[in-house]
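File shown: protein19.cif (mmCIF, C-alpha atoms).
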```
data_final
loop_
_atom_site.group_PDB
_atom_site.id
_atom_site.type_symbol
_atom_site.label_atom_id
_atom_site.label_comp_id
_atom_site.auth_asym_id
_atom_site.auth_seq_id
_atom_site.Cartn_x
_atom_site.Cartn_y
_atom_site.Cartn_z
ATOM 1 C CA MET X 148 2.499 1.403 -5.148
ATOM 2 C CA VAL X 149 5.293 3.850 -4.401
ATOM 3 C CA GLU X 150 8.915 2.778 -4.677
ATOM 4 C CA GLY X 151 11.354 3.653 -1.946
ATOM 5 C CA PRO X 152 14.544 2.930 -0.074
ATOM 6 C CA LEU X 153 14.997 0.463 2.747
ATOM 7 C CA LYS X 154 17.794 1.363 5.140
ATOM 8 C CA ILE X 155 19.174 -1.219 7.518
ATOM 9 C CA VAL X 156 20.138 0.509 10.762
ATOM 10 C CA ARG X 157 21.878 -2.214 12.744
ATOM 11 C CA ILE X 158 22.240 -5.918 13.452
ATOM 12 C CA VAL X 159 20.223 -7.053 16.448
ATOM 13 C CA SER X 160 21.273 -10.695 16.722
ATOM 14 C CA VAL X 161 22.224 -13.891 14.931
ATOM 15 C CA VAL X 162 20.528 -17.193 15.797
ATOM 16 C CA ALA X 163 22.092 -20.565 14.935
ATOM 17 C CA ASN X 164 22.027 -24.010 16.477
ATOM 18 C CA GLY X 165 19.529 -22.770 19.047
ATOM 19 C CA VAL X 166 21.918 -20.067 20.293
ATOM 20 C CA THR X 167 21.113 -16.354 20.098
ATOM 21 C CA ALA X 168 24.122 -14.057 19.947
ATOM 22 C CA GLU X 169 23.982 -10.279 20.175
ATOM 23 C CA ASN X 170 27.725 -9.532 20.130
ATOM 24 C CA ILE X 171 27.762 -9.347 16.330
ATOM 25 C CA LEU X 172 30.130 -6.830 14.794
ATOM 26 C CA SER X 173 29.294 -7.245 11.123
ATOM 27 C CA VAL X 174 27.485 -9.381 8.570
ATOM 28 C CA LYS X 175 28.267 -9.797 4.889
ATOM 29 C CA ASP X 176 25.990 -11.711 2.497
ATOM 30 C CA GLU X 177 27.339 -12.468 -0.981
ATOM 31 C CA PHE X 178 25.089 -14.042 -3.596
ATOM 32 C CA LEU X 179 27.599 -15.576 -5.987
ATOM 33 C CA MET X 180 26.334 -16.340 -9.464
ATOM 34 C CA ASN X 181 28.455 -18.290 -11.906
ATOM 35 C CA MET X 182 27.532 -16.321 -15.044
ATOM 36 C CA THR X 183 29.914 -16.082 -17.988
ATOM 37 C CA PRO X 184 29.515 -14.169 -21.247
ATOM 38 C CA GLN X 185 29.749 -16.383 -24.304
ATOM 39 C CA PHE X 186 31.961 -15.492 -27.268
ATOM 40 C CA VAL X 187 32.877 -16.935 -30.638
ATOM 41 C CA PRO X 188 36.334 -16.580 -32.238
ATOM 42 C CA ASN X 189 37.152 -13.433 -34.186
ATOM 43 C CA THR X 190 34.364 -11.390 -32.632
ATOM 44 C CA TYR X 191 34.524 -8.741 -29.928
ATOM 45 C CA GLN X 192 30.994 -8.664 -28.552
ATOM 46 C CA GLY X 193 29.518 -11.455 -26.450
ATOM 47 C CA LEU X 194 26.590 -13.462 -27.784
ATOM 48 C CA SER X 195 24.761 -14.321 -24.595
ATOM 49 C CA MET X 196 25.237 -15.540 -21.026
ATOM 50 C CA LEU X 197 26.111 -18.998 -19.750
ATOM 51 C CA GLU X 198 24.515 -19.496 -16.334
ATOM 52 C CA LYS X 199 25.630 -22.180 -13.924
ATOM 53 C CA SER X 200 25.410 -22.642 -10.171
ATOM 54 C CA LYS X 201 24.425 -19.992 -7.638
ATOM 55 C CA TRP X 202 25.235 -19.982 -3.941
ATOM 56 C CA ARG X 203 25.547 -17.652 -0.988
ATOM 57 C CA VAL X 204 28.484 -16.967 1.281
ATOM 58 C CA VAL X 205 27.585 -15.358 4.596
ATOM 59 C CA THR X 206 30.399 -13.901 6.712
ATOM 60 C CA ILE X 207 29.731 -13.151 10.355
ATOM 61 C CA VAL X 208 32.225 -11.291 12.512
ATOM 62 C CA ILE X 209 31.734 -11.749 16.227
ATOM 63 C CA ASP X 210 33.003 -9.228 18.768
ATOM 64 C CA SER X 211 34.948 -11.663 20.967
ATOM 65 C CA GLU X 212 33.315 -15.100 21.039
ATOM 66 C CA ASN X 213 30.123 -17.039 21.487
ATOM 67 C CA THR X 214 28.900 -20.602 20.902
ATOM 68 C CA LEU X 215 26.839 -19.912 17.760
ATOM 69 C CA PHE X 216 28.590 -22.332 15.432
ATOM 70 C CA ASP X 217 30.352 -24.658 17.884
ATOM 71 C CA ALA X 218 28.090 -27.576 16.934
ATOM 72 C CA SER X 219 28.726 -27.129 13.203
ATOM 73 C CA PHE X 220 32.379 -27.973 12.763
ATOM 74 C CA GLN X 221 35.055 -30.312 14.078
ATOM 75 C CA VAL X 222 38.394 -31.561 12.821
ATOM 76 C CA ASP X 223 37.801 -35.302 13.268
ATOM 77 C CA ALA X 224 34.511 -35.645 11.363
ATOM 78 C CA ILE X 225 32.478 -34.097 8.585
ATOM 79 C CA ASN X 226 30.920 -30.709 9.184
ATOM 80 C CA THR X 227 27.181 -31.049 9.670
ATOM 81 C CA ALA X 228 24.620 -28.512 8.537
ATOM 82 C CA ILE X 229 23.586 -25.836 10.978
ATOM 83 C CA GLY X 230 20.765 -27.185 13.104
ATOM 84 C CA THR X 231 17.447 -25.760 14.268
ATOM 85 C CA SER X 232 17.686 -22.405 12.479
ATOM 86 C CA PHE X 233 19.979 -19.816 10.950
ATOM 87 C CA VAL X 234 18.534 -16.334 11.251
ATOM 88 C CA ILE X 235 19.909 -12.781 11.260
ATOM 89 C CA ASN X 236 17.759 -10.088 12.893
ATOM 90 C CA PHE X 237 18.046 -6.417 11.902
ATOM 91 C CA ILE X 238 16.387 -3.129 12.613
ATOM 92 C CA ALA X 239 15.629 -1.268 9.406
ATOM 93 C CA SER X 240 13.999 1.997 8.434
ATOM 94 C CA THR X 241 11.769 3.010 5.531
ATOM 95 C CA THR X 242 10.137 6.260 4.537
ATOM 96 C CA LEU X 243 6.952 5.055 6.215
ATOM 97 C CA ASP X 244 8.295 3.262 9.286
ATOM 98 C CA PRO X 245 11.504 4.300 11.075
ATOM 99 C CA SER X 246 11.847 1.041 13.025
ATOM 100 C CA VAL X 247 11.096 -2.147 11.116
ATOM 101 C CA ALA X 248 12.121 -5.581 12.383
ATOM 102 C CA LEU X 249 13.766 -7.239 9.399
ATOM 103 C CA VAL X 250 14.723 -10.924 9.440
ATOM 104 C CA TRP X 251 16.976 -12.814 7.033
ATOM 105 C CA THR X 252 16.242 -16.527 7.290
ATOM 106 C CA TYR X 253 18.433 -19.124 5.609
ATOM 107 C CA ASP X 254 17.572 -22.731 4.910
ATOM 108 C CA GLU X 255 19.624 -24.172 7.776
ATOM 109 C CA ALA X 256 19.689 -27.674 6.260
ATOM 110 C CA THR X 257 21.894 -26.292 3.449
ATOM 111 C CA CYS X 258 24.116 -24.041 5.602
ATOM 112 C CA TYR X 259 27.614 -25.243 6.463
ATOM 113 C CA VAL X 260 30.504 -23.573 8.252
ATOM 114 C CA GLN X 261 33.066 -23.046 5.500
ATOM 115 C CA LYS X 262 35.801 -21.142 7.299
ATOM 116 C CA ARG X 263 36.772 -20.017 10.765
ATOM 117 C CA GLU X 264 39.524 -17.449 10.845
ATOM 118 C CA TYR X 265 42.061 -17.015 13.626
ATOM 119 C CA GLY X 266 40.410 -16.102 16.876
ATOM 120 C CA ARG X 267 43.066 -13.670 18.033
ATOM 121 C CA ILE X 268 43.202 -12.382 21.569
ATOM 122 C CA GLU X 269 45.536 -9.454 21.959
ATOM 123 C CA ASP X 270 46.035 -7.183 24.915
ATOM 124 C CA GLY X 271 45.404 -3.586 23.917
ATOM 125 C CA ALA X 272 43.602 -4.370 20.652
ATOM 126 C CA PRO X 273 40.470 -2.277 20.033
ATOM 127 C CA ARG X 274 38.494 -5.472 19.451
ATOM 128 C CA ASN X 275 39.192 -9.195 19.571
ATOM 129 C CA VAL X 276 37.084 -10.718 16.833
ATOM 130 C CA ILE X 277 36.360 -14.129 15.318
ATOM 131 C CA GLU X 278 35.121 -14.452 11.752
ATOM 132 C CA TYR X 279 32.974 -17.330 10.520
ATOM 133 C CA THR X 280 32.024 -17.965 6.903
ATOM 134 C CA ILE X 281 28.882 -19.950 6.086
ATOM 135 C CA VAL X 282 28.177 -21.379 2.630
ATOM 136 C CA THR X 283 24.673 -22.282 1.459
ATOM 137 C CA ASN X 284 22.887 -23.192 -1.750
ATOM 138 C CA GLY X 285 19.456 -22.849 -0.181
ATOM 139 C CA GLN X 286 16.927 -20.070 -0.316
ATOM 140 C CA LYS X 287 17.204 -16.896 1.726
ATOM 141 C CA THR X 288 13.918 -15.350 2.761
ATOM 142 C CA VAL X 289 13.380 -11.855 4.085
ATOM 143 C CA THR X 290 10.486 -11.134 6.411
ATOM 144 C CA MET K 205 8.586 -1.250 -20.684
ATOM 145 C CA ASN K 206 9.360 -2.259 -17.112
ATOM 146 C CA LYS K 207 11.284 0.370 -15.247
ATOM 147 C CA VAL K 208 12.714 0.496 -11.723
ATOM 148 C CA THR K 209 13.743 3.990 -10.628
ATOM 149 C CA ILE K 210 16.383 3.772 -7.898
ATOM 150 C CA THR K 211 17.559 6.924 -6.137
ATOM 151 C CA ASN K 212 19.437 5.823 -2.985
ATOM 152 C CA VAL K 213 22.649 5.344 -4.948
ATOM 153 C CA LEU K 214 25.981 5.736 -3.163
ATOM 154 C CA TYR K 215 28.024 5.179 -6.283
ATOM 155 C CA PHE K 216 27.921 3.792 -9.775
ATOM 156 C CA ALA K 217 31.001 2.456 -11.537
ATOM 157 C CA ASP K 218 31.684 0.834 -14.868
ATOM 158 C CA ARG K 219 34.701 -0.853 -16.371
ATOM 159 C CA ILE K 220 35.637 -2.838 -19.425
ATOM 160 C CA VAL K 221 36.510 -6.471 -18.800
ATOM 161 C CA ALA K 222 38.706 -8.017 -21.448
ATOM 162 C CA VAL K 223 38.345 -11.783 -21.325
ATOM 163 C CA GLU K 224 41.922 -12.573 -22.332
ATOM 164 C CA GLY K 225 43.415 -10.111 -19.829
ATOM 165 C CA ASP K 226 43.946 -6.872 -21.776
ATOM 166 C CA MET K 227 41.818 -5.307 -24.508
ATOM 167 C CA VAL K 228 44.775 -5.687 -26.861
ATOM 168 C CA SER K 229 48.097 -7.477 -26.538
ATOM 169 C CA VAL K 230 51.133 -7.300 -28.778
ATOM 170 C CA LEU K 231 51.384 -9.700 -31.692
ATOM 171 C CA ASN K 232 54.971 -10.916 -31.624
ATOM 172 C CA MET K 233 56.610 -11.935 -34.882
ATOM 173 C CA ILE K 234 59.018 -14.837 -35.128
ATOM 174 C CA ASN K 235 62.640 -13.688 -35.515
ATOM 175 C CA ASP K 236 61.690 -10.013 -35.465
ATOM 176 C CA TRP K 237 62.279 -7.312 -32.923
ATOM 177 C CA ASN K 238 59.122 -5.343 -33.477
ATOM 178 C CA PRO K 239 55.607 -6.646 -32.792
ATOM 179 C CA GLY K 240 53.602 -6.975 -35.955
ATOM 180 C CA GLY K 241 50.435 -5.506 -34.534
ATOM 181 C CA VAL K 242 48.028 -6.362 -31.763
ATOM 182 C CA HIS K 243 45.647 -9.142 -30.809
ATOM 183 C CA GLN K 244 42.127 -7.987 -29.970
ATOM 184 C CA SER K 245 40.341 -9.506 -26.970
ATOM 185 C CA HIS K 246 36.704 -10.313 -26.308
ATOM 186 C CA LYS K 247 35.184 -7.504 -24.211
ATOM 187 C CA TYR K 248 32.175 -6.543 -22.136
ATOM 188 C CA TRP K 249 31.059 -3.863 -19.683
ATOM 189 C CA GLU K 250 30.906 -4.655 -15.991
ATOM 190 C CA LEU K 251 28.717 -2.277 -13.982
ATOM 191 C CA GLU K 252 28.545 -1.858 -10.210
ATOM 192 C CA LEU K 253 25.719 -0.101 -8.407
ATOM 193 C CA CYS K 254 26.130 0.531 -4.679
ATOM 194 C CA LEU K 255 22.967 1.401 -2.743
ATOM 195 C CA ASP K 256 22.420 2.722 0.752
ATOM 196 C CA SER K 257 20.882 -0.602 1.930
ATOM 197 C CA ASP K 258 18.291 -1.662 -0.650
ATOM 198 C CA TRP K 259 15.434 -0.441 -2.828
ATOM 199 C CA LEU K 260 11.847 -1.612 -2.558
ATOM 200 C CA PRO K 261 9.351 -1.910 -5.407
ATOM 201 C CA ASP K 262 6.670 -1.012 -2.866
ATOM 202 C CA ARG K 263 7.838 0.897 0.192
ATOM 203 C CA THR K 264 4.961 -0.442 2.275
ATOM 204 C CA VAL K 265 6.368 -3.971 1.909
ATOM 205 C CA GLU K 266 9.716 -3.986 3.684
ATOM 206 C CA ASP K 267 10.682 -7.562 2.877
ATOM 207 C CA GLU K 268 10.790 -7.208 -0.904
ATOM 208 C CA SER K 269 13.987 -6.280 -2.698
ATOM 209 C CA TRP K 270 13.614 -4.786 -6.182
ATOM 210 C CA ALA K 271 15.924 -7.426 -7.679
ATOM 211 C CA TYR K 272 13.655 -10.300 -6.628
ATOM 212 C CA PHE K 273 10.200 -8.741 -6.914
ATOM 213 C CA GLN K 274 10.146 -6.141 -9.691
ATOM 214 C CA ASN K 275 9.859 -7.434 -13.252
ATOM 215 C CA VAL K 276 12.569 -6.152 -15.577
ATOM 216 C CA ASN K 277 11.939 -7.964 -18.857
ATOM 217 C CA ALA K 278 9.872 -6.792 -21.803
ATOM 218 C CA ALA K 279 7.208 -9.408 -21.164
ATOM 219 C CA ASP K 280 6.734 -8.118 -17.597
ATOM 220 C CA THR K 281 7.048 -11.598 -16.165
ATOM 221 C CA LEU K 282 10.345 -12.000 -14.293
ATOM 222 C CA PRO K 283 12.605 -10.102 -11.868
ATOM 223 C CA ALA K 284 16.361 -9.566 -12.330
ATOM 224 C CA ILE K 285 17.400 -12.375 -9.963
ATOM 225 C CA VAL K 286 15.820 -15.808 -9.828
ATOM 226 C CA TRP K 287 17.550 -17.567 -6.937
ATOM 227 C CA ASN K 288 16.986 -21.118 -8.228
ATOM 228 C CA GLY K 289 16.874 -20.463 -11.975
ATOM 229 C CA ALA K 290 18.343 -18.404 -14.769
ATOM 230 C CA ASN K 291 18.467 -14.654 -14.193
ATOM 231 C CA THR K 292 16.351 -12.455 -16.404
ATOM 232 C CA PRO K 293 17.900 -10.101 -18.985
ATOM 233 C CA ILE K 294 17.228 -6.501 -17.941
ATOM 234 C CA GLU K 295 15.747 -4.576 -20.861
ATOM 235 C CA TRP K 296 16.279 -1.067 -19.512
ATOM 236 C CA PHE K 297 19.378 0.309 -17.765
ATOM 237 C CA LYS K 298 20.176 4.007 -17.650
ATOM 238 C CA VAL K 299 22.220 6.057 -15.181
ATOM 239 C CA ASN K 300 21.392 9.731 -14.790
ATOM 240 C CA VAL K 301 24.455 11.706 -13.692
ATOM 241 C CA ARG K 302 24.581 15.233 -12.293
ATOM 242 C CA GLU K 303 27.759 17.113 -13.153
ATOM 243 C CA TYR K 304 29.774 19.551 -11.051
ATOM 244 C CA ASP K 305 28.291 22.555 -12.855
ATOM 245 C CA GLY K 306 24.696 21.435 -12.497
ATOM 246 C CA GLY K 307 24.536 19.928 -15.945
ATOM 247 C CA ALA K 308 23.357 16.395 -16.483
ATOM 248 C CA PHE K 309 23.951 13.487 -18.784
ATOM 249 C CA THR K 310 22.746 9.919 -19.087
ATOM 250 C CA LEU K 311 24.712 6.731 -19.515
ATOM 251 C CA VAL K 312 22.636 4.228 -21.484
ATOM 252 C CA TYR K 313 23.551 0.558 -21.375
ATOM 253 C CA ALA K 314 20.206 -0.926 -22.403
ATOM 254 C CA ALA K 315 17.148 0.852 -23.759
ATOM 255 C CA VAL K 316 14.403 -1.605 -24.616
ATOM 256 C CA ASP K 317 17.058 -4.179 -25.496
ATOM 257 C CA THR K 318 16.874 -7.888 -24.861
ATOM 258 C CA ASP K 319 19.623 -10.358 -23.981
ATOM 259 C CA VAL K 320 22.368 -7.792 -23.451
ATOM 260 C CA LEU K 321 22.394 -6.978 -19.718
ATOM 261 C CA TRP K 322 22.108 -9.183 -16.621
ATOM 262 C CA CYS K 323 22.471 -8.831 -12.860
ATOM 263 C CA VAL K 324 25.319 -11.180 -11.897
ATOM 264 C CA GLY K 325 26.077 -10.440 -8.245
ATOM 265 C CA GLU K 326 24.718 -9.133 -4.961
ATOM 266 C CA VAL K 327 26.697 -8.265 -1.824
ATOM 267 C CA SER K 328 25.188 -6.822 1.366
ATOM 268 C CA GLU K 329 27.498 -5.517 4.092
ATOM 269 C CA ILE K 330 26.016 -4.562 7.448
ATOM 270 C CA SER K 331 28.122 -3.389 10.390
ATOM 271 C CA ASN K 332 27.488 -2.515 14.007
ATOM 272 C CA GLU K 333 30.864 -0.768 14.256
ATOM 273 C CA ASP K 334 30.768 2.823 15.482
ATOM 274 C CA ASN K 335 30.721 5.533 12.827
ATOM 275 C CA THR K 336 29.670 3.226 10.014
ATOM 276 C CA PRO K 337 28.443 5.740 7.416
ATOM 277 C CA HIS K 338 26.262 3.404 5.347
ATOM 278 C CA GLN K 339 24.964 -0.165 5.304
ATOM 279 C CA THR K 340 25.460 -1.037 1.663
ATOM 280 C CA THR K 341 24.138 -3.415 -0.950
ATOM 281 C CA LYS K 342 26.163 -3.700 -4.147
ATOM 282 C CA TRP K 343 24.684 -5.024 -7.380
ATOM 283 C CA ARG K 344 26.917 -6.091 -10.231
ATOM 284 C CA PHE K 345 25.832 -6.310 -13.855
ATOM 285 C CA ILE K 346 27.319 -7.480 -17.142
ATOM 286 C CA CYS K 347 26.434 -5.594 -20.325
ATOM 287 C CA LEU K 348 27.359 -7.107 -23.683
ATOM 288 C CA GLN K 349 26.745 -4.041 -25.822
ATOM 289 C CA GLU K 350 28.238 -0.573 -26.039
ATOM 290 C CA GLY K 351 27.403 1.964 -23.355
ATOM 291 C CA VAL K 352 26.283 5.294 -24.821
ATOM 292 C CA ARG K 353 26.483 8.760 -23.269
ATOM 293 C CA SER K 354 23.519 10.924 -24.161
#
```

As structure tokens - that is how I would like this structure written.
Amino acid sequence: MVEGPLKIVRIVSVVANGVTAENILSVKDEFLMNMTPQFVPNTYQGLSMLEKSKWRVVTIVIDSENTLFDASFQVDAINTAIGTSFVINFIASTTLDPSVALVWTYDEATCYVQKREYGRIEDGAPRNVIEYTIVTNGQKTVT
Amino acid sequence: MNKVTITNVLYFADRIVAVEGDMVSVLNMINDWNPGGVHQSHKYWELELCLDSDWLPDRTVEDESWAYFQNVNAADTLPAIVWNGANTPIEWFKVNVREYDGGAFTLVYAAVDTDVLWCVGEVSEISNEDNTPHQTTKWRFICLQEGVRS
């Protein structure tokens, strides 16, 4: 066993609700862990760690628009979980293989659209982007 | 001892977090102009490690991140992050730094210590934008004991 780096080269596509989109500008995956050091009065150093919930926030910025998440939010009803699948495809590189297909798969039944930022369309702008934020408490698998 | 040696580091940073806001704050005295001393806050080290993508415990297995698959505790039983359970205290955490003149030193936050250092955050940022220099993964840690330069 020899340790080594994995370098992600680019995003190939995002798949959600049965739609495959390739006009992806960026992806951000935050694993948020509610972990707090524990203290007692009149001491300086913490005693241990209090661990509570963990969840992921996935931010996807789309270059212009597509229908990836259209089925996952509305203003007159509850947001339903993403259906069918929620997958991000990458090309990565290691010291042994310069072109590895890397897939992040999320448990779609626990993935909900949390935010949709302004979809701004501006003449002369370098890019017109729309940003979606997905929240999930399910498992992420990498294959 | 369970040791992960990571070399694709873009930066390492550390800071002191004072729980009550500042490490010390003035102790005001009733009906007096001058503070009578300072309050001391609870404190800990927060460490941030930014990697060029990620680090694999076995480079032939591209789908395994070190934080989820390489054991970091003294008993050699658990990795740093357990997605659906408590994270494992990391028993060994050292940063080897090369100086401008070719010299070197080591920052030691945990050396065969238990229950003092944990991984508390992971952020991956991948971009297709032109001229993106690196696709990064940042790991954040909390250390409850003193960092030592050796």

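With only C-alpha atoms taken into account, chain K has K:His246, K:Lys247, K:Ser257, K:Asp258, K:Trp259, K:Leu260, K:Pro261, K:Asp262, K:Arg263, K:Asp267, K:Val324, K:Gly325, K:Glu326, K:Val327, K:Ser328, K:Glu329, K:Ile330, K:Ser331, K:Asn332, K:Leu348 at most 6 Å from chain X.
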
Inset, instruction - For the file shown, report as number ranges by chain the outcome of the PyMOL selection byres ((chain X and resi 164) around 10) at residue level. - result: X: 162-163, 165-167, 214-219, 228-234, 255

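You will find atom CA of K:Leu311 at 8.5 Å from atom CA of K:Phe297.
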
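Every residue that the PyMOL selection byres ((chain K and resi 251) around 10) selects in this file is listed here: Phe216, Ala217, Asp218, Arg219, Ile220, Tyr248, Trp249, Glu250, Glu252, Leu253, Tyr313, Leu321, Trp322, Cys323, Val324, Trp343, Arg344, Phe345, Ile346 and Cys347 of chain K.
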
Inset, instruction - Taking the file as shown, find all residues satisfying the PyMOL selection byres ((chain K and resi 286-292) around 7) and write them as a ChimeraX atom specification. - result: /X:198 /K:272,277,282-285,293-294,322

Next, the residues of the selection above should be written as a CSV table (one decimal), keeping the file's coordinate frame with C-alpha atoms.
```csv
chain,number,residue,atom,x,y,z
X,198,GLU,CA,24.5,-19.5,-16.3
K,272,TYR,CA,13.7,-10.3,-6.6
K,277,ASN,CA,11.9,-8.0,-18.9
K,282,LEU,CA,10.3,-12.0,-14.3
K,283,PRO,CA,12.6,-10.1,-11.9
K,284,ALA,CA,16.4,-9.6,-12.3
K,285,ILE,CA,17.4,-12.4,-10.0
K,293,PRO,CA,17.9,-10.1,-19.0
K,294,ILE,CA,17.2,-6.5,-17.9
K,322,TRP,CA,22.1,-9.2,-16.6
```

Legend entry - atom CA of X:Arg263 to atom CA of X:Thr280, distance in Å rounded to a single decimal: 6.5 Å

Where's the centre, and what are the edge lengths in Å to one decimal, of a box along x, y and z enclosing all listed atoms of stretch 272-281 of chain K padded 8 Å per side, as lines of an AutoDock Vina configuration file?
```
center_x = 10.2
center_y = -8.9
center_z = -14.2
size_x = 22.9
size_y = 21.5
size_z = 31.2
```

Could I get stretch 276-292 of chain K from the block written out with N, CA and C atoms, as a PDB file, in the first residue's frame?
```pdb
ATOM      1  N   VAL K 276      -6.782   6.415  12.674  1.00  0.00           N
ATOM      2  CA  VAL K 276      -5.950   7.462  13.273  1.00  0.00           C
ATOM      3  C   VAL K 276      -5.870   7.357  14.796  1.00  0.00           C
ATOM      4  N   ASN K 277      -6.543   6.362  15.372  1.00  0.00           N
ATOM      5  CA  ASN K 277      -6.501   6.258  16.833  1.00  0.00           C
ATOM      6  C   ASN K 277      -5.474   5.217  17.261  1.00  0.00           C
ATOM      7  N   ALA K 278      -5.130   5.258  18.536  1.00  0.00           N
ATOM      8  CA  ALA K 278      -4.082   4.378  19.055  1.00  0.00           C
ATOM      9  C   ALA K 278      -4.446   2.904  18.892  1.00  0.00           C
ATOM     10  N   ALA K 279      -5.728   2.609  18.978  1.00  0.00           N
ATOM     11  CA  ALA K 279      -6.149   1.208  18.876  1.00  0.00           C
ATOM     12  C   ALA K 279      -6.203   0.717  17.429  1.00  0.00           C
ATOM     13  N   ASP K 280      -5.927   1.601  16.467  1.00  0.00           N
ATOM     14  CA  ASP K 280      -5.938   1.233  15.059  1.00  0.00           C
ATOM     15  C   ASP K 280      -7.280   0.663  14.624  1.00  0.00           C
ATOM     16  N   THR K 281      -8.351   1.334  15.015  1.00  0.00           N
ATOM     17  CA  THR K 281      -9.674   0.792  14.727  1.00  0.00           C
ATOM     18  C   THR K 281     -10.591   1.737  13.968  1.00  0.00           C
ATOM     19  N   LEU K 282     -10.332   3.068  14.014  1.00  0.00           N
ATOM     20  CA  LEU K 282     -11.308   3.993  13.454  1.00  0.00           C
ATOM     21  C   LEU K 282     -10.626   5.131  12.689  1.00  0.00           C
ATOM     22  N   PRO K 283     -11.286   5.609  11.612  1.00  0.00           N
ATOM     23  CA  PRO K 283     -10.758   6.756  10.876  1.00  0.00           C
ATOM     24  C   PRO K 283     -11.167   8.076  11.532  1.00  0.00           C
ATOM     25  N   ALA K 284     -10.669   9.190  10.992  1.00  0.00           N
ATOM     26  CA  ALA K 284     -10.906  10.504  11.610  1.00  0.00           C
ATOM     27  C   ALA K 284     -12.377  10.898  11.558  1.00  0.00           C
ATOM     28  N   ILE K 285     -13.050  10.589  10.428  1.00  0.00           N
ATOM     29  CA  ILE K 285     -14.455  10.972  10.284  1.00  0.00           C
ATOM     30  C   ILE K 285     -15.315   9.720  10.202  1.00  0.00           C
ATOM     31  N   VAL K 286     -16.337   9.680  11.023  1.00  0.00           N
ATOM     32  CA  VAL K 286     -17.354   8.637  10.945  1.00  0.00           C
ATOM     33  C   VAL K 286     -18.650   9.364  10.602  1.00  0.00           C
ATOM     34  N   TRP K 287     -19.160   9.166   9.396  1.00  0.00           N
ATOM     35  CA  TRP K 287     -20.232  10.049   8.904  1.00  0.00           C
ATOM     36  C   TRP K 287     -21.505   9.948   9.731  1.00  0.00           C
ATOM     37  N   ASN K 288     -21.777   8.766  10.308  1.00  0.00           N
ATOM     38  CA  ASN K 288     -23.019   8.600  11.077  1.00  0.00           C
ATOM     39  C   ASN K 288     -22.740   8.280  12.538  1.00  0.00           C
ATOM     40  N   GLY K 289     -21.578   8.704  13.039  1.00  0.00           N
ATOM     41  CA  GLY K 289     -21.246   8.454  14.441  1.00  0.00           C
ATOM     42  C   GLY K 289     -20.263   9.491  14.933  1.00  0.00           C
ATOM     43  N   ALA K 290     -19.748   9.282  16.121  1.00  0.00           N
ATOM     44  CA  ALA K 290     -18.789  10.222  16.685  1.00  0.00           C
ATOM     45  C   ALA K 290     -17.458  10.118  15.952  1.00  0.00           C
ATOM     46  N   ASN K 291     -16.828  11.272  15.699  1.00  0.00           N
ATOM     47  CA  ASN K 291     -15.506  11.256  15.083  1.00  0.00           C
ATOM     48  C   ASN K 291     -14.460  10.730  16.062  1.00  0.00           C
ATOM     49  N   THR K 292     -13.382  10.249  15.502  1.00  0.00           N
ATOM     50  CA  THR K 292     -12.346   9.607  16.307  1.00  0.00           C
ATOM     51  C   THR K 292     -11.264  10.618  16.685  1.00  0.00           C
TER      52      THR K 292
END
```
